[in-house]
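What follows is the content of target15.csv, which has CSV, C-alpha atoms (C1' of nucleotides):
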```csv
chain,number,residue,atom,x,y,z
A,1,MET,CA,9.5,79.0,91.8
A,2,SER,CA,5.8,79.9,91.5
A,3,LYS,CA,5.8,83.0,93.7
A,4,SER,CA,8.1,85.9,93.7
A,5,LEU,CA,10.0,86.5,96.9
A,6,LEU,CA,7.9,89.5,97.7
A,7,GLU,CA,4.7,87.5,97.8
A,8,LEU,CA,6.0,85.0,100.3
A,9,THR,CA,4.8,85.2,103.9
A,10,PRO,CA,7.7,85.2,106.4
A,11,VAL,CA,7.1,81.6,107.1
A,12,GLU,CA,7.4,80.6,103.5
A,13,ALA,CA,10.6,82.6,103.2
A,14,VAL,CA,12.2,80.7,106.0
A,15,ALA,CA,11.4,77.2,104.9
A,16,CYS,CA,14.1,77.1,102.3
A,17,CYS,CA,17.1,78.0,104.5
A,18,SER,CA,19.8,75.9,106.1
A,19,PRO,CA,20.4,76.2,109.8
A,20,VAL,CA,22.0,79.5,110.9
A,21,THR,CA,24.9,77.7,112.6
A,22,ARG,CA,25.8,75.7,109.5
A,23,GLU,CA,26.8,78.6,107.2
A,24,ALA,CA,26.8,82.3,107.4
A,25,LEU,CA,23.5,83.8,106.7
A,26,SER,CA,23.3,86.2,103.8
A,27,ALA,CA,22.0,89.7,104.5
A,28,GLN,CA,18.9,89.0,102.3
A,29,ALA,CA,18.1,85.8,104.2
A,30,ALA,CA,18.5,87.5,107.5
A,31,GLU,CA,16.1,90.3,106.4
A,32,ARG,CA,13.5,87.6,105.5
A,33,ILE,CA,13.9,85.6,108.6
A,34,ALA,CA,13.9,88.4,111.2
A,35,PRO,CA,10.3,89.4,110.7
A,36,LEU,CA,9.2,85.8,111.6
A,37,VAL,CA,11.3,85.8,114.7
A,38,LYS,CA,10.0,89.3,115.6
A,39,ALA,CA,6.5,87.9,115.4
A,40,ILE,CA,7.1,85.6,118.3
A,41,ALA,CA,9.4,88.0,120.2
A,42,ASP,CA,6.6,89.1,122.5
A,43,PRO,CA,5.3,87.4,125.7
A,44,VAL,CA,1.7,87.9,124.7
A,45,ARG,CA,2.2,86.5,121.2
A,46,LEU,CA,4.1,83.6,122.6
A,47,ARG,CA,1.2,82.8,124.9
A,48,LEU,CA,-1.3,83.2,122.2
A,49,LEU,CA,0.6,80.8,119.9
A,50,SER,CA,0.9,78.4,122.8
A,51,LEU,CA,-2.7,78.7,123.7
A,52,VAL,CA,-3.9,78.0,120.2
A,53,ALA,CA,-1.5,75.1,119.6
A,54,SER,CA,-2.4,73.3,122.8
A,55,HIS,CA,-6.1,73.9,122.6
A,56,VAL,CA,-8.5,71.1,121.9
A,57,ASP,CA,-8.9,70.4,118.2
A,58,GLY,CA,-5.8,72.7,117.6
A,59,GLU,CA,-7.9,75.7,117.2
A,60,ALA,CA,-9.2,78.5,119.5
A,61,CYS,CA,-11.9,81.1,119.2
A,62,VAL,CA,-10.9,84.7,119.8
A,63,CYS,CA,-13.4,84.9,122.6
A,64,ASP,CA,-11.4,82.2,124.5
A,65,LEU,CA,-8.2,84.0,123.9
A,66,ASN,CA,-9.4,87.3,125.1
A,67,ASP,CA,-10.4,85.8,128.4
A,68,ALA,CA,-7.0,84.5,129.0
A,69,PHE,CA,-5.4,87.9,129.2
A,70,GLU,CA,-6.0,91.1,131.1
A,71,LEU,CA,-5.6,93.1,128.0
A,72,SER,CA,-8.2,94.9,125.9
A,73,GLN,CA,-9.9,93.1,123.0
A,74,PRO,CA,-8.3,95.3,120.4
A,75,THR,CA,-4.8,94.6,121.7
A,76,ILE,CA,-5.4,90.8,121.4
A,77,SER,CA,-6.8,91.3,118.0
A,78,HIS,CA,-3.7,93.3,117.0
A,79,HIS,CA,-1.4,90.5,118.2
A,80,LEU,CA,-3.4,87.8,116.4
A,81,LYS,CA,-3.2,89.9,113.3
A,82,LEU,CA,0.6,90.0,113.5
A,83,LEU,CA,0.9,86.2,114.0
A,84,HIS,CA,-1.5,85.7,111.1
A,85,GLU,CA,0.4,88.0,108.8
A,86,ALA,CA,3.6,86.2,109.7
A,87,GLY,CA,2.0,83.0,108.6
A,88,LEU,CA,2.1,81.3,112.0
A,89,LEU,CA,-1.6,81.3,112.6
A,90,GLU,CA,-4.4,80.5,110.2
A,91,ARG,CA,-7.7,82.4,110.4
A,92,GLU,CA,-11.1,81.0,109.7
A,93,LYS,CA,-14.4,82.8,110.3
A,94,ARG,CA,-17.4,80.6,111.1
A,95,GLY,CA,-20.5,82.6,111.7
A,96,VAL,CA,-19.9,85.3,114.2
A,97,TRP,CA,-16.8,83.7,115.6
A,98,VAL,CA,-13.3,83.6,114.3
A,99,TYR,CA,-11.1,80.6,114.9
A,100,TYR,CA,-7.3,80.6,114.8
A,101,ARG,CA,-5.3,77.5,114.1
A,102,ILE,CA,-1.6,77.0,114.2
A,103,ASN,CA,0.4,76.5,111.0
A,104,ASP,CA,2.0,73.2,111.8
A,105,ASN,CA,5.1,73.5,109.7
A,106,ALA,CA,5.9,77.1,110.6
A,107,LEU,CA,7.4,76.7,114.0
A,108,ARG,CA,9.1,73.5,113.0
A,109,ASP,CA,10.9,75.2,110.1
A,110,LEU,CA,11.9,78.0,112.4
A,111,ALA,CA,13.1,75.5,115.0
A,112,THR,CA,15.1,73.7,112.4
A,113,LEU,CA,16.6,76.9,111.2
A,114,LEU,CA,17.8,77.8,114.7
A,115,GLY,CA,18.7,74.5,116.1
A,116,GLY,CA,20.0,72.7,113.0
A,117,VAL,CA,17.9,69.7,113.8
A,118,THR,CA,17.0,68.1,110.4
A,119,VAL,CA,14.1,65.9,111.3
B,120,MET,CA,17.9,75.6,142.8
B,121,SER,CA,21.2,77.4,143.3
B,122,LYS,CA,20.3,80.6,141.6
B,123,SER,CA,17.2,82.8,142.0
B,124,LEU,CA,15.2,83.3,138.9
B,125,LEU,CA,16.3,86.9,138.7
B,126,GLU,CA,19.9,85.9,138.3
B,127,LEU,CA,19.3,83.6,135.3
B,128,THR,CA,20.3,84.7,131.9
B,129,PRO,CA,17.5,84.4,129.4
B,130,VAL,CA,19.1,81.3,128.1
B,131,GLU,CA,19.1,79.5,131.4
B,132,ALA,CA,15.5,80.5,132.0
B,133,VAL,CA,14.4,78.8,128.8
B,134,ALA,CA,16.2,75.5,129.3
B,135,CYS,CA,13.7,74.2,131.7
B,136,CYS,CA,10.5,74.6,129.7
B,137,SER,CA,8.5,72.2,127.7
B,138,PRO,CA,7.7,73.1,124.0
B,139,VAL,CA,5.2,75.9,123.5
B,140,THR,CA,2.9,73.7,121.5
B,141,ARG,CA,2.7,71.0,124.1
B,142,GLU,CA,0.9,73.0,126.8
B,143,ALA,CA,-0.2,76.6,127.3
B,144,LEU,CA,2.7,78.8,128.4
B,145,SER,CA,2.3,80.5,131.7
B,146,ALA,CA,2.5,84.3,131.7
B,147,GLN,CA,5.7,84.1,133.8
B,148,ALA,CA,7.3,81.6,131.4
B,149,ALA,CA,6.4,83.8,128.4
B,150,GLU,CA,7.9,86.8,130.1
B,151,ARG,CA,11.2,84.9,130.6
B,152,ILE,CA,11.3,83.4,127.1
B,153,ALA,CA,10.4,86.6,125.1
B,154,PRO,CA,13.7,88.4,125.8
B,155,LEU,CA,15.7,85.5,124.4
B,156,VAL,CA,13.6,85.5,121.2
B,157,LYS,CA,13.9,89.3,121.0
B,158,ALA,CA,17.7,88.9,121.1
B,159,ILE,CA,17.6,87.1,117.8
B,160,ALA,CA,14.7,89.1,116.3
B,161,ASP,CA,16.9,91.4,114.3
B,162,PRO,CA,18.6,90.8,110.9
B,163,VAL,CA,22.0,92.1,112.1
B,164,ARG,CA,22.0,89.9,115.2
B,165,LEU,CA,20.9,86.9,113.2
B,166,ARG,CA,23.8,87.3,110.9
B,167,LEU,CA,26.2,88.0,113.8
B,168,LEU,CA,25.1,84.8,115.4
B,169,SER,CA,25.4,82.9,112.2
B,170,LEU,CA,28.8,84.3,111.4
B,171,VAL,CA,30.2,83.4,114.8
B,172,ALA,CA,28.7,79.9,114.7
B,173,SER,CA,29.9,79.1,111.3
B,174,HIS,CA,33.4,80.6,111.7
B,175,VAL,CA,36.5,78.5,111.9
B,176,ASP,CA,37.2,77.3,115.4
B,177,GLY,CA,33.7,78.4,116.3
B,178,GLU,CA,34.8,81.8,117.4
B,179,ALA,CA,35.2,85.2,115.7
B,180,CYS,CA,37.1,88.4,116.5
B,181,VAL,CA,35.0,91.6,116.6
B,182,CYS,CA,37.3,93.0,113.9
B,183,ASP,CA,36.2,90.3,111.5
B,184,LEU,CA,32.5,90.9,112.4
B,185,ASN,CA,32.8,94.6,111.9
B,186,ASP,CA,34.1,94.1,108.3
B,187,ALA,CA,31.1,92.0,107.4
B,188,PHE,CA,28.6,94.9,107.8
B,189,GLU,CA,28.2,98.3,106.5
B,190,LEU,CA,27.5,99.6,110.0
B,191,SER,CA,29.5,101.6,112.4
B,192,GLN,CA,31.7,99.8,115.0
B,193,PRO,CA,29.6,101.0,118.0
B,194,THR,CA,26.5,99.5,116.4
B,195,ILE,CA,28.1,96.1,116.0
B,196,SER,CA,29.4,96.3,119.5
B,197,HIS,CA,25.9,97.1,120.7
B,198,HIS,CA,24.4,94.1,119.0
B,199,LEU,CA,27.1,91.8,120.3
B,200,LYS,CA,26.4,93.1,123.8
B,201,LEU,CA,22.7,92.2,123.5
B,202,LEU,CA,23.5,88.7,122.2
B,203,HIS,CA,26.0,88.3,125.1
B,204,GLU,CA,23.6,89.5,127.7
B,205,ALA,CA,21.0,87.1,126.4
B,206,GLY,CA,23.5,84.3,126.9
B,207,LEU,CA,23.7,83.4,123.3
B,208,LEU,CA,27.3,84.5,122.8
B,209,GLU,CA,30.3,84.0,125.1
B,210,ARG,CA,32.9,86.7,125.3
B,211,GLU,CA,36.6,86.3,125.8
B,212,LYS,CA,39.3,89.0,125.7
B,213,ARG,CA,42.7,88.0,124.4
B,214,GLY,CA,45.1,90.8,124.3
B,215,VAL,CA,43.6,93.7,122.4
B,216,TRP,CA,41.1,91.5,120.6
B,217,VAL,CA,37.8,90.2,121.8
B,218,TYR,CA,36.5,86.9,120.6
B,219,TYR,CA,32.9,85.8,120.6
B,220,ARG,CA,31.9,82.1,120.7
B,221,ILE,CA,28.4,80.7,120.5
B,222,ASN,CA,26.7,79.1,123.4
B,223,ASP,CA,26.1,75.7,122.0
B,224,ASN,CA,23.1,74.7,124.1
B,225,ALA,CA,21.3,78.1,123.8
B,226,LEU,CA,20.0,77.9,120.3
B,227,ARG,CA,19.2,74.2,120.7
B,228,ASP,CA,17.1,74.8,123.8
B,229,LEU,CA,15.3,77.5,122.0
B,230,ALA,CA,14.7,75.4,119.0
B,231,THR,CA,13.4,72.6,121.2
B,232,LEU,CA,11.1,75.0,122.9
B,233,LEU,CA,9.7,76.2,119.6
B,234,GLY,CA,9.6,73.0,117.6
B,235,GLY,CA,9.0,70.5,120.3
B,236,VAL,CA,11.8,68.3,118.9
B,237,THR,CA,13.2,66.5,121.9
B,238,VAL,CA,16.6,65.3,120.7
C,239,DC,C1',-35.3,96.0,109.4
C,240,DA,C1',-33.3,97.0,113.8
C,241,DC,C1',-30.7,95.5,117.4
C,242,DG,C1',-26.8,93.2,119.8
C,243,DG,C1',-22.7,90.6,120.1
C,244,DA,C1',-18.0,89.2,118.1
C,245,DC,C1',-14.1,90.9,116.1
C,246,DA,C1',-11.3,94.4,113.4
C,247,DT,C1',-9.6,99.1,112.5
C,248,DT,C1',-8.2,103.7,113.6
C,249,DG,C1',-5.8,107.3,116.1
C,250,DA,C1',-3.1,108.6,119.8
C,251,DC,C1',0.5,108.2,123.1
C,252,DA,C1',4.3,106.4,126.0
C,253,DA,C1',8.0,103.4,125.9
C,254,DG,C1',11.5,100.8,123.5
C,255,DT,C1',14.9,100.1,119.6
C,256,DG,C1',18.6,100.7,115.9
C,257,DT,C1',21.8,103.8,114.5
C,258,DC,C1',25.6,107.1,114.5
C,259,DA,C1',29.2,110.7,116.2
C,260,DA,C1',31.9,111.6,119.9
C,261,DT,C1',34.3,110.0,123.6
C,262,DA,C1',36.2,106.6,127.0
C,263,DT,C1',38.8,102.4,128.1
C,264,DT,C1',42.1,99.0,127.6
C,265,DG,C1',46.3,96.8,126.2
C,266,DA,C1',50.6,96.4,123.2
C,267,DC,C1',54.7,98.4,121.9
C,268,DG,C1',58.3,101.7,121.1
D,269,DC,C1',55.4,107.3,129.7
D,270,DG,C1',53.1,108.3,125.1
D,271,DT,C1',50.9,106.8,121.3
D,272,DC,C1',48.2,103.9,118.5
D,273,DA,C1',44.7,100.4,117.6
D,274,DA,C1',40.7,97.5,119.2
D,275,DT,C1',36.6,97.6,121.5
D,276,DA,C1',33.0,99.7,124.7
D,277,DT,C1',30.1,103.4,126.4
D,278,DT,C1',27.4,107.6,126.2
D,279,DG,C1',24.1,110.8,124.3
D,280,DA,C1',21.0,112.0,120.8
D,281,DC,C1',17.7,111.2,117.3
D,282,DA,C1',14.3,109.0,114.2
D,283,DC,C1',11.6,105.1,114.0
D,284,DT,C1',9.0,101.2,115.7
D,285,DT,C1',6.0,98.9,119.0
D,286,DG,C1',2.4,97.8,122.6
D,287,DT,C1',-1.5,99.5,124.5
D,288,DC,C1',-6.1,101.6,125.0
D,289,DA,C1',-10.5,104.3,123.9
D,290,DA,C1',-13.5,105.1,120.3
D,291,DT,C1',-15.5,103.5,116.3
D,292,DG,C1',-16.5,100.5,112.4
D,293,DT,C1',-17.9,96.0,110.2
D,294,DC,C1',-20.1,91.8,109.9
D,295,DC,C1',-23.6,88.4,111.0
D,296,DG,C1',-27.3,86.1,113.6
D,297,DT,C1',-31.8,86.7,115.7
D,298,DG,C1',-36.1,88.6,116.9
```

Could the structure of this file be written out as structure tokens, please?
Amino acid sequence: MSKSLLELTPVEAVACCSPVTREALSAQAAERIAPLVKAIADPVRLRLLSLVASHVDGEACVCDLNDAFELSQPTISHHLKLLHEAGLLEREKRGVWVYYRINDNALRDLATLLGGVTV
Amino acid sequence: MSKSLLELTPVEAVACCSPVTREALSAQAAERIAPLVKAIADPVRLRLLSLVASHVDGEACVCDLNDAFELSQPTISHHLKLLHEAGLLEREKRGVWVYYRINDNALRDLATLLGGVTV
DNA sequence: CACGGACATTGACAAGTGTCAATATTGACG
DNA sequence: CGTCAATATTGACACTTGTCAATGTCCGTG
């Protein structure tokens, strides 16, 4: 292992675990997984994730995302930060604009963890 | 449709939707899905779900579950109630004991929603 | 350099959440 | 019926979360 557990993003911490229905989750594993689930446990963040993922070229500018909600710009920025910190969205600044792109493996790992579908 | 949307448990409300990465989630869909995700966005509830699912016969008595945590009995009861109300756990009273059993389709629907794996 | 626009950060506040102690409810059994 | 054990409910509390207004930072352009 090249990184200590404490350095892992929530997404990285999840990728290693077997499905929750297969065997009882350890307390430590549950503590690592919960933050990732929390990150998508909000309607605004679910929509943000969905908007980015389904956007052309798989990326979206913050300006587009702001327009999709009737929420203040700082609020959207806050949610994007949470998704980014969880490892679900990647962030790239190009000029004045910031583009977010989905981490392809993240949601799939989480889905596998929950559903036990080993693709 | 035999039930109005308001009568659906979170689980039932999710079963109908296409994966979040496929197309942008509507605000209404996100509002329906988020409560289900919230229900599993806690380390204790993740472990409870996992314990029940991986238990022999697929069901577990509350007394067993209490012993697995260093938390008070009312706290466990509270978490079980949330999981039950979300539709993730089914509840059956037999004598003095209460047994919880996992709703097989619930997690799978959620996993499909997240991962886009159409089994 | 100064200005303006895109995005992030800070601080504040109301609302929601996890926990426990105390108490209620339910059912088995003497 | 009375008691005990299993589970649920209530009330209280500290902590977290979602939101906004105000402000800061960064970068392109004139």

Using all atoms listed in the file, which of C:DA253, C:DA246, C:DC239, C:DC258 sits nearest DC294 (chain D)? C:DA246

Compute the chain B side of the contact with chain A at 8 Å, counting all atoms listed in the file, and hand it back as a ChimeraX atom specification. /B:139-146,149-150,152-157,159-163,165-166,168-170,172-173,226-231,233-235

What are the residues of chain D that have an atom within 10 Å of an atom of chain A, counting only C-alpha atoms (C1' of nucleotides), as number ranges by chain? D: 286-289, 294-296

Would you tabulate, counting all atoms listed in the file, all residues of chain C that have an atom at most 10 Å from an atom of chain B, showing the closest pair of atoms and their distance in Å to one decimal, sorted by chain then ascending number, as a Markdown table?
```
| residue | atom | partner | partner_atom | distance |
| --- | --- | --- | --- | --- |
| C:DG256 | C1' | B:Thr194 | CA | 8.0 |
| C:DT257 | C1' | B:Thr194 | CA | 6.6 |
| C:DC258 | C1' | B:Ser191 | CA | 7.1 |
| C:DA259 | C1' | B:Ser191 | CA | 9.9 |
| C:DT264 | C1' | B:Val215 | CA | 7.6 |
| C:DG265 | C1' | B:Val215 | CA | 5.6 |
| C:DA266 | C1' | B:Val215 | CA | 7.5 |
```

Coordinates-based distance that separates CA of Leu88 (chain A) from CA of Cys61 (chain A) (Å, one decimal):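 Between CA of Cys61 (chain A) and CA of Leu88 (chain A) the gap works out to 15.7 Å.
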
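CA of Val98 (chain A) is positioned 18.8 Å from C1' of DT297 (chain D).
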
So what do you get for CA of Leu208 (chain B) versus CA of Arg220 (chain B), distance-wise? 5.6 Å

Name the residues in contact with DT271 (chain D) at a cut-off of 12 Å, using all atoms listed in the file, excluding same-chain residues fewer than 2 positions from it; report them as a PDB file with C-alpha atoms (C1' of nucleotides), in the coordinates of the input.
```pdb
ATOM      1  C1'  DA C 266      50.600  96.400 123.200  1.00  0.00           C
ATOM      2  C1'  DC C 267      54.700  98.400 121.900  1.00  0.00           C
ATOM      3  C1'  DG C 268      58.300 101.700 121.100  1.00  0.00           C
TER       4       DG C 268
ATOM      5  C1'  DC D 269      55.400 107.300 129.700  1.00  0.00           C
ATOM      6  C1'  DA D 273      44.700 100.400 117.600  1.00  0.00           C
TER       7       DA D 273
END
```

For the point (30.2, 101.6, 132.1) in file coordinates, what residues are within 12 Å, counting all atoms listed in the file? Give the answer as a ChimeraX atom specification? /C:262-263 /D:276-278

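Residues surrounding DT255 (chain C) within 10 Å are D:DC283, D:DT284, D:DT285 [all atoms listed in the file; sequence separation below 4 positions excluded].
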
Please list as a ChimeraX atom specification every residue within 10 Å of DT248 (chain C), counting all atoms listed in the file and excluding residues in the same chain fewer than 3 positions away. /D:290-292
